[in-house]
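Asks: What follows is input.csv; its format and atoms are CSV, N, CA, C and O atoms.
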```csv
chain,number,residue,atom,x,y,z
A,1,MET,N,2.5,-9.3,8.1
A,1,MET,CA,2.7,-9.6,6.7
A,1,MET,C,3.5,-10.8,6.5
A,1,MET,O,4.7,-10.7,6.8
A,2,PRO,N,3.0,-11.9,6.1
A,2,PRO,CA,3.7,-13.1,6.0
A,2,PRO,C,4.8,-13.2,4.9
A,2,PRO,O,5.8,-13.8,5.0
A,3,GLN,N,4.6,-12.5,3.8
A,3,GLN,CA,5.5,-12.5,2.7
A,3,GLN,C,6.5,-11.4,2.9
A,3,GLN,O,6.3,-10.3,3.5
A,4,SER,N,7.7,-11.6,2.4
A,4,SER,CA,8.7,-10.5,2.4
A,4,SER,C,8.4,-9.6,1.2
A,4,SER,O,7.8,-10.0,0.2
A,5,LEU,N,8.7,-8.3,1.4
A,5,LEU,CA,8.4,-7.3,0.4
A,5,LEU,C,9.5,-7.3,-0.7
A,5,LEU,O,10.7,-7.4,-0.4
A,6,PRO,N,9.1,-7.1,-2.0
A,6,PRO,CA,10.0,-7.1,-3.1
A,6,PRO,C,10.9,-5.8,-3.0
A,6,PRO,O,10.5,-4.8,-2.4
A,7,ASP,N,12.0,-5.8,-3.7
A,7,ASP,CA,12.8,-4.6,-3.8
A,7,ASP,C,12.5,-3.7,-5.0
A,7,ASP,O,13.4,-3.4,-5.8
A,8,ARG,N,11.2,-3.4,-5.2
A,8,ARG,CA,10.8,-2.6,-6.3
A,8,ARG,C,9.5,-1.9,-5.8
A,8,ARG,O,8.9,-2.3,-4.8
A,9,TYR,N,9.1,-0.8,-6.5
A,9,TYR,CA,7.9,-0.2,-6.1
A,9,TYR,C,6.7,-1.1,-6.4
A,9,TYR,O,6.7,-1.8,-7.4
A,10,LEU,N,5.7,-1.0,-5.6
A,10,LEU,CA,4.6,-1.9,-5.7
A,10,LEU,C,3.4,-1.2,-6.4
A,10,LEU,O,3.1,-0.1,-6.2
A,11,THR,N,2.6,-2.0,-7.2
A,11,THR,CA,1.4,-1.6,-7.8
A,11,THR,C,0.3,-1.7,-6.8
A,11,THR,O,0.4,-2.4,-5.8
A,12,PRO,N,-0.9,-1.1,-7.0
A,12,PRO,CA,-2.0,-1.3,-6.1
A,12,PRO,C,-2.4,-2.8,-6.0
A,12,PRO,O,-2.8,-3.3,-5.0
A,13,ALA,N,-2.3,-3.5,-7.2
A,13,ALA,CA,-2.6,-4.9,-7.1
A,13,ALA,C,-1.6,-5.7,-6.3
A,13,ALA,O,-2.0,-6.6,-5.5
A,14,ASP,N,-0.4,-5.3,-6.3
A,14,ASP,CA,0.6,-6.0,-5.4
A,14,ASP,C,0.3,-5.7,-3.9
A,14,ASP,O,0.3,-6.7,-3.1
A,15,VAL,N,-0.1,-4.5,-3.6
A,15,VAL,CA,-0.4,-4.2,-2.2
A,15,VAL,C,-1.7,-4.9,-1.8
A,15,VAL,O,-1.7,-5.5,-0.7
A,16,ALA,N,-2.7,-5.0,-2.6
A,16,ALA,CA,-3.9,-5.7,-2.3
A,16,ALA,C,-3.6,-7.1,-2.0
A,16,ALA,O,-4.1,-7.7,-1.1
A,17,GLU,N,-2.8,-7.7,-2.9
A,17,GLU,CA,-2.4,-9.2,-2.7
A,17,GLU,C,-1.6,-9.4,-1.4
A,17,GLU,O,-1.9,-10.3,-0.6
A,18,LEU,N,-0.7,-8.5,-1.1
A,18,LEU,CA,0.1,-8.6,0.1
A,18,LEU,C,-0.7,-8.5,1.4
A,18,LEU,O,-0.5,-9.2,2.3
A,19,LEU,N,-1.7,-7.6,1.3
A,19,LEU,CA,-2.5,-7.3,2.5
A,19,LEU,C,-3.8,-8.2,2.6
A,19,LEU,O,-4.5,-8.2,3.6
A,20,GLY,N,-4.1,-8.9,1.5
A,20,GLY,CA,-5.2,-9.8,1.4
A,20,GLY,C,-6.5,-9.0,1.4
A,20,GLY,O,-7.5,-9.5,2.0
A,21,VAL,N,-6.5,-7.9,0.7
A,21,VAL,CA,-7.8,-7.1,0.6
A,21,VAL,C,-8.1,-6.9,-0.9
A,21,VAL,O,-7.2,-7.0,-1.7
A,22,PRO,N,-9.3,-6.6,-1.2
A,22,PRO,CA,-9.6,-6.3,-2.6
A,22,PRO,C,-8.9,-5.0,-3.1
A,22,PRO,O,-8.6,-4.1,-2.3
A,23,ILE,N,-8.6,-5.0,-4.4
A,23,ILE,CA,-7.8,-3.8,-4.9
A,23,ILE,C,-8.6,-2.5,-4.7
A,23,ILE,O,-8.1,-1.5,-4.5
A,24,GLU,N,-10.0,-2.6,-4.8
A,24,GLU,CA,-10.8,-1.4,-4.6
A,24,GLU,C,-10.6,-0.8,-3.2
A,24,GLU,O,-10.7,0.4,-3.0
A,25,THR,N,-10.3,-1.7,-2.2
A,25,THR,CA,-10.0,-1.2,-0.9
A,25,THR,C,-8.8,-0.3,-0.9
A,25,THR,O,-8.8,0.7,-0.2
A,26,ILE,N,-7.8,-0.7,-1.6
A,26,ILE,CA,-6.6,0.1,-1.7
A,26,ILE,C,-6.9,1.5,-2.3
A,26,ILE,O,-6.4,2.5,-1.7
A,27,TYR,N,-7.7,1.5,-3.3
A,27,TYR,CA,-8.1,2.8,-3.9
A,27,TYR,C,-9.0,3.6,-3.0
A,27,TYR,O,-8.8,4.9,-2.9
A,28,GLN,N,-9.8,3.0,-2.2
A,28,GLN,CA,-10.7,3.7,-1.2
A,28,GLN,C,-9.8,4.3,-0.2
A,28,GLN,O,-10.0,5.5,0.2
A,29,TRP,N,-8.9,3.5,0.4
A,29,TRP,CA,-7.9,4.0,1.4
A,29,TRP,C,-7.2,5.2,0.8
A,29,TRP,O,-7.0,6.2,1.6
A,30,ARG,N,-6.8,5.2,-0.4
A,30,ARG,CA,-6.0,6.3,-1.0
A,30,ARG,C,-6.9,7.5,-1.1
A,30,ARG,O,-6.4,8.6,-0.8
A,31,ARG,N,-8.1,7.3,-1.5
A,31,ARG,CA,-9.0,8.5,-1.6
A,31,ARG,C,-9.3,9.1,-0.3
A,31,ARG,O,-9.4,10.3,-0.1
A,32,LYS,N,-9.5,8.3,0.7
A,32,LYS,CA,-9.8,8.7,2.1
A,32,LYS,C,-8.5,9.1,2.9
A,32,LYS,O,-8.6,9.6,4.0
A,33,ARG,N,-7.3,8.8,2.3
A,33,ARG,CA,-6.0,9.1,2.9
A,33,ARG,C,-5.9,8.4,4.3
A,33,ARG,O,-5.4,9.0,5.2
A,34,VAL,N,-6.3,7.2,4.3
A,34,VAL,CA,-6.1,6.4,5.5
A,34,VAL,C,-5.2,5.2,5.3
A,34,VAL,O,-4.9,4.5,6.3
A,35,GLY,N,-4.8,4.9,4.1
A,35,GLY,CA,-4.0,3.7,3.8
A,35,GLY,C,-2.6,4.1,3.7
A,35,GLY,O,-2.1,5.2,4.1
A,36,PRO,N,-1.8,3.2,3.2
A,36,PRO,CA,-0.3,3.4,3.0
A,36,PRO,C,-0.1,4.5,2.0
A,36,PRO,O,-0.9,4.7,1.1
A,37,ARG,N,0.9,5.3,2.2
A,37,ARG,CA,1.3,6.4,1.3
A,37,ARG,C,1.7,5.9,-0.1
A,37,ARG,O,2.5,5.0,-0.2
A,38,GLY,N,1.1,6.4,-1.1
A,38,GLY,CA,1.4,6.1,-2.5
A,38,GLY,C,1.8,7.3,-3.2
A,38,GLY,O,1.7,8.4,-2.8
A,39,PHE,N,2.3,7.1,-4.4
A,39,PHE,CA,2.7,8.3,-5.3
A,39,PHE,C,2.4,7.9,-6.7
A,39,PHE,O,2.3,6.8,-7.1
A,40,ARG,N,2.3,9.0,-7.5
A,40,ARG,CA,2.0,8.8,-8.9
A,40,ARG,C,3.2,8.8,-9.8
A,40,ARG,O,4.2,9.6,-9.6
A,41,VAL,N,3.2,7.9,-10.8
A,41,VAL,CA,4.3,7.9,-11.8
A,41,VAL,C,3.5,8.0,-13.1
A,41,VAL,O,2.9,7.0,-13.6
A,42,GLY,N,3.3,9.2,-13.6
A,42,GLY,CA,2.5,9.4,-14.7
A,42,GLY,C,1.0,9.2,-14.3
A,42,GLY,O,0.5,9.7,-13.3
A,43,ARG,N,0.4,8.2,-15.0
A,43,ARG,CA,-1.0,7.9,-14.7
A,43,ARG,C,-1.1,6.7,-13.6
A,43,ARG,O,-2.2,6.3,-13.2
A,44,HIS,N,0.0,6.2,-13.2
A,44,HIS,CA,0.1,5.0,-12.4
A,44,HIS,C,0.4,5.4,-10.9
A,44,HIS,O,1.2,6.2,-10.7
A,45,VAL,N,-0.2,4.6,-10.0
A,45,VAL,CA,0.1,4.7,-8.6
A,45,VAL,C,1.1,3.7,-8.2
A,45,VAL,O,0.9,2.5,-8.6
A,46,ARG,N,2.1,4.0,-7.4
A,46,ARG,CA,3.0,3.1,-6.9
A,46,ARG,C,3.2,3.3,-5.4
A,46,ARG,O,3.0,4.4,-4.9
A,47,PHE,N,3.7,2.3,-4.7
A,47,PHE,CA,3.9,2.3,-3.3
A,47,PHE,C,5.3,1.8,-3.0
A,47,PHE,O,5.8,0.9,-3.6
A,48,ASP,N,6.0,2.5,-2.1
A,48,ASP,CA,7.3,2.1,-1.7
A,48,ASP,C,7.1,1.0,-0.6
A,48,ASP,O,6.4,1.2,0.3
A,49,PRO,N,7.9,-0.1,-0.8
A,49,PRO,CA,7.7,-1.2,0.2
A,49,PRO,C,8.0,-0.8,1.6
A,49,PRO,O,7.4,-1.3,2.5
A,50,ASN,N,8.9,0.2,1.8
A,50,ASN,CA,9.2,0.7,3.2
A,50,ASN,C,8.0,1.4,3.7
A,50,ASN,O,7.8,1.3,5.0
A,51,ASP,N,7.3,2.1,2.9
A,51,ASP,CA,6.1,2.8,3.4
A,51,ASP,C,5.0,1.8,3.8
A,51,ASP,O,4.3,2.0,4.7
A,52,ILE,N,4.9,0.7,3.0
A,52,ILE,CA,3.9,-0.3,3.3
A,52,ILE,C,4.2,-0.9,4.6
A,52,ILE,O,3.4,-1.1,5.5
A,53,ARG,N,5.5,-1.3,4.9
A,53,ARG,CA,5.9,-1.9,6.1
A,53,ARG,C,5.6,-0.9,7.3
A,53,ARG,O,5.1,-1.3,8.3
A,54,ALA,N,6.0,0.4,7.2
A,54,ALA,CA,5.7,1.3,8.2
A,54,ALA,C,4.3,1.5,8.5
A,54,ALA,O,3.8,1.6,9.7
A,55,TRP,N,3.4,1.5,7.5
A,55,TRP,CA,2.0,1.6,7.6
A,55,TRP,C,1.4,0.4,8.4
A,55,TRP,O,0.6,0.6,9.3
A,56,VAL,N,1.9,-0.8,8.0
A,56,VAL,CA,1.4,-2.0,8.6
A,56,VAL,C,1.8,-2.0,10.1
A,56,VAL,O,1.0,-2.3,11.0
A,57,GLU,N,3.0,-1.6,10.4
A,57,GLU,CA,3.5,-1.5,11.8
A,57,GLU,C,2.6,-0.5,12.6
A,57,GLU,O,2.3,-0.8,13.7
A,58,SER,N,2.3,0.6,12.0
A,58,SER,CA,1.5,1.6,12.7
A,58,SER,C,0.1,1.1,13.0
A,58,SER,O,-0.5,1.4,14.0
A,59,GLN,N,-0.4,0.3,12.0
A,59,GLN,CA,-1.8,-0.3,12.3
A,59,GLN,C,-1.7,-1.4,13.4
A,59,GLN,O,-2.6,-1.4,14.2
A,60,MET,N,-0.6,-2.1,13.5
A,60,MET,CA,-0.5,-3.1,14.5
A,60,MET,C,-0.3,-2.4,15.9
A,60,MET,O,-0.9,-2.9,16.9
A,61,GLU,N,0.4,-1.3,15.9
A,61,GLU,CA,0.6,-0.6,17.2
A,61,GLU,C,-0.8,0.0,17.6
A,61,GLU,O,-1.1,0.0,18.8
A,62,GLY,N,-1.5,0.5,16.7
A,62,GLY,CA,-2.9,1.1,17.0
A,62,GLY,C,-3.8,0.0,17.5
A,62,GLY,O,-4.6,0.3,18.4
A,63,ALA,N,-3.7,-1.2,17.0
A,63,ALA,CA,-4.6,-2.3,17.4
A,63,ALA,C,-4.2,-2.8,18.8
A,63,ALA,O,-5.0,-3.3,19.6
A,64,ALA,N,-2.9,-2.6,19.2
A,64,ALA,CA,-2.5,-3.1,20.5
A,64,ALA,C,-2.8,-2.1,21.6
A,64,ALA,O,-2.8,-2.5,22.8
A,65,ALA,N,-3.2,-0.9,21.2
A,65,ALA,CA,-3.4,0.1,22.3
A,65,ALA,C,-4.8,-0.1,22.9
A,65,ALA,O,-5.7,-0.7,22.4
```
Take the structure in the file and give it back as structure tokens.

Replies:
Amino acid sequence: MPQSLPDRYLTPADVAELLGVPIETIYQWRRKRVGPRGFRVGRHVRFDPNDIRAWVESQMEGAAA
């Protein structure tokens, strides 16, 4: 991830931009439970930047195996 992560909870659009994927991919990952962990705040989905970092690192470890 070339950009540093902000010190706030991220929206699905933020995560899509950070990872360089379409926003629909973020929602598909969430439905399939294969992407970074998110949580609901009312009707909205948010992601903790630390969870995004951990998920990316786990993906990199899996790719190196």

Asks: Just checking: using all atoms listed in the file, which residue out of A:Asp51, A:Glu24, A:Glu57, A:Asp7 ends up closest to Gly38 of chain A?

Replies: A:Asp51

Asks: Please extract the residues of chain A with a backbone DSSP assignment of strand (DSSP E) and present them as a ChimeraX atom specification.

Replies: /A:38-41,44-47

Asks: Using Å and a single decimal, report how far atom CA of Phe47 of chain A sits from atom CA of Leu10 of chain A.

Replies: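 These two atoms are separated by 4.9 Å.
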
Asks: If you measure from atom C of Arg43 of chain A to atom CA of Leu19 of chain A, what distance in Å do you get, rounded to one decimal?

Replies: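 Taking atom C of Arg43 of chain A as the start and atom CA of Leu19 of chain A as the end point, the length is 21.4 Å.
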
Asks: Could you please determine the separation between atom CA of Ile23 of chain A and atom C of Ala64 of chain A in Å, to one decimal place?

Replies: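 One can read the atom CA of Ile23 of chain A to atom C of Ala64 of chain A distance as 27.0 Å.
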
Asks: When DSSP is applied to the backbone of this structure, which of chain A are assigned helix (DSSP H, G or I)? Write them out as number ranges by chain.

Replies: A: 12-19, 23-32, 49-64

Asks: Rank nothing, just name the residue among A:Thr11, A:Trp29, A:Val21, A:Trp55 nearest to Val41 of chain A, using only C-alpha atoms.

Replies: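 Closest to Val41 of chain A, using only C-alpha atoms: A:Thr11.
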
Asks: Which residue is closest to Ile52 of chain A? Choose from A:Ala13, A:Tyr27, A:Pro36, A:Gly20 and count only N, CA, C and O atoms.

Replies: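 The answer is A:Pro36, which sits nearest to Ile52 of chain A.
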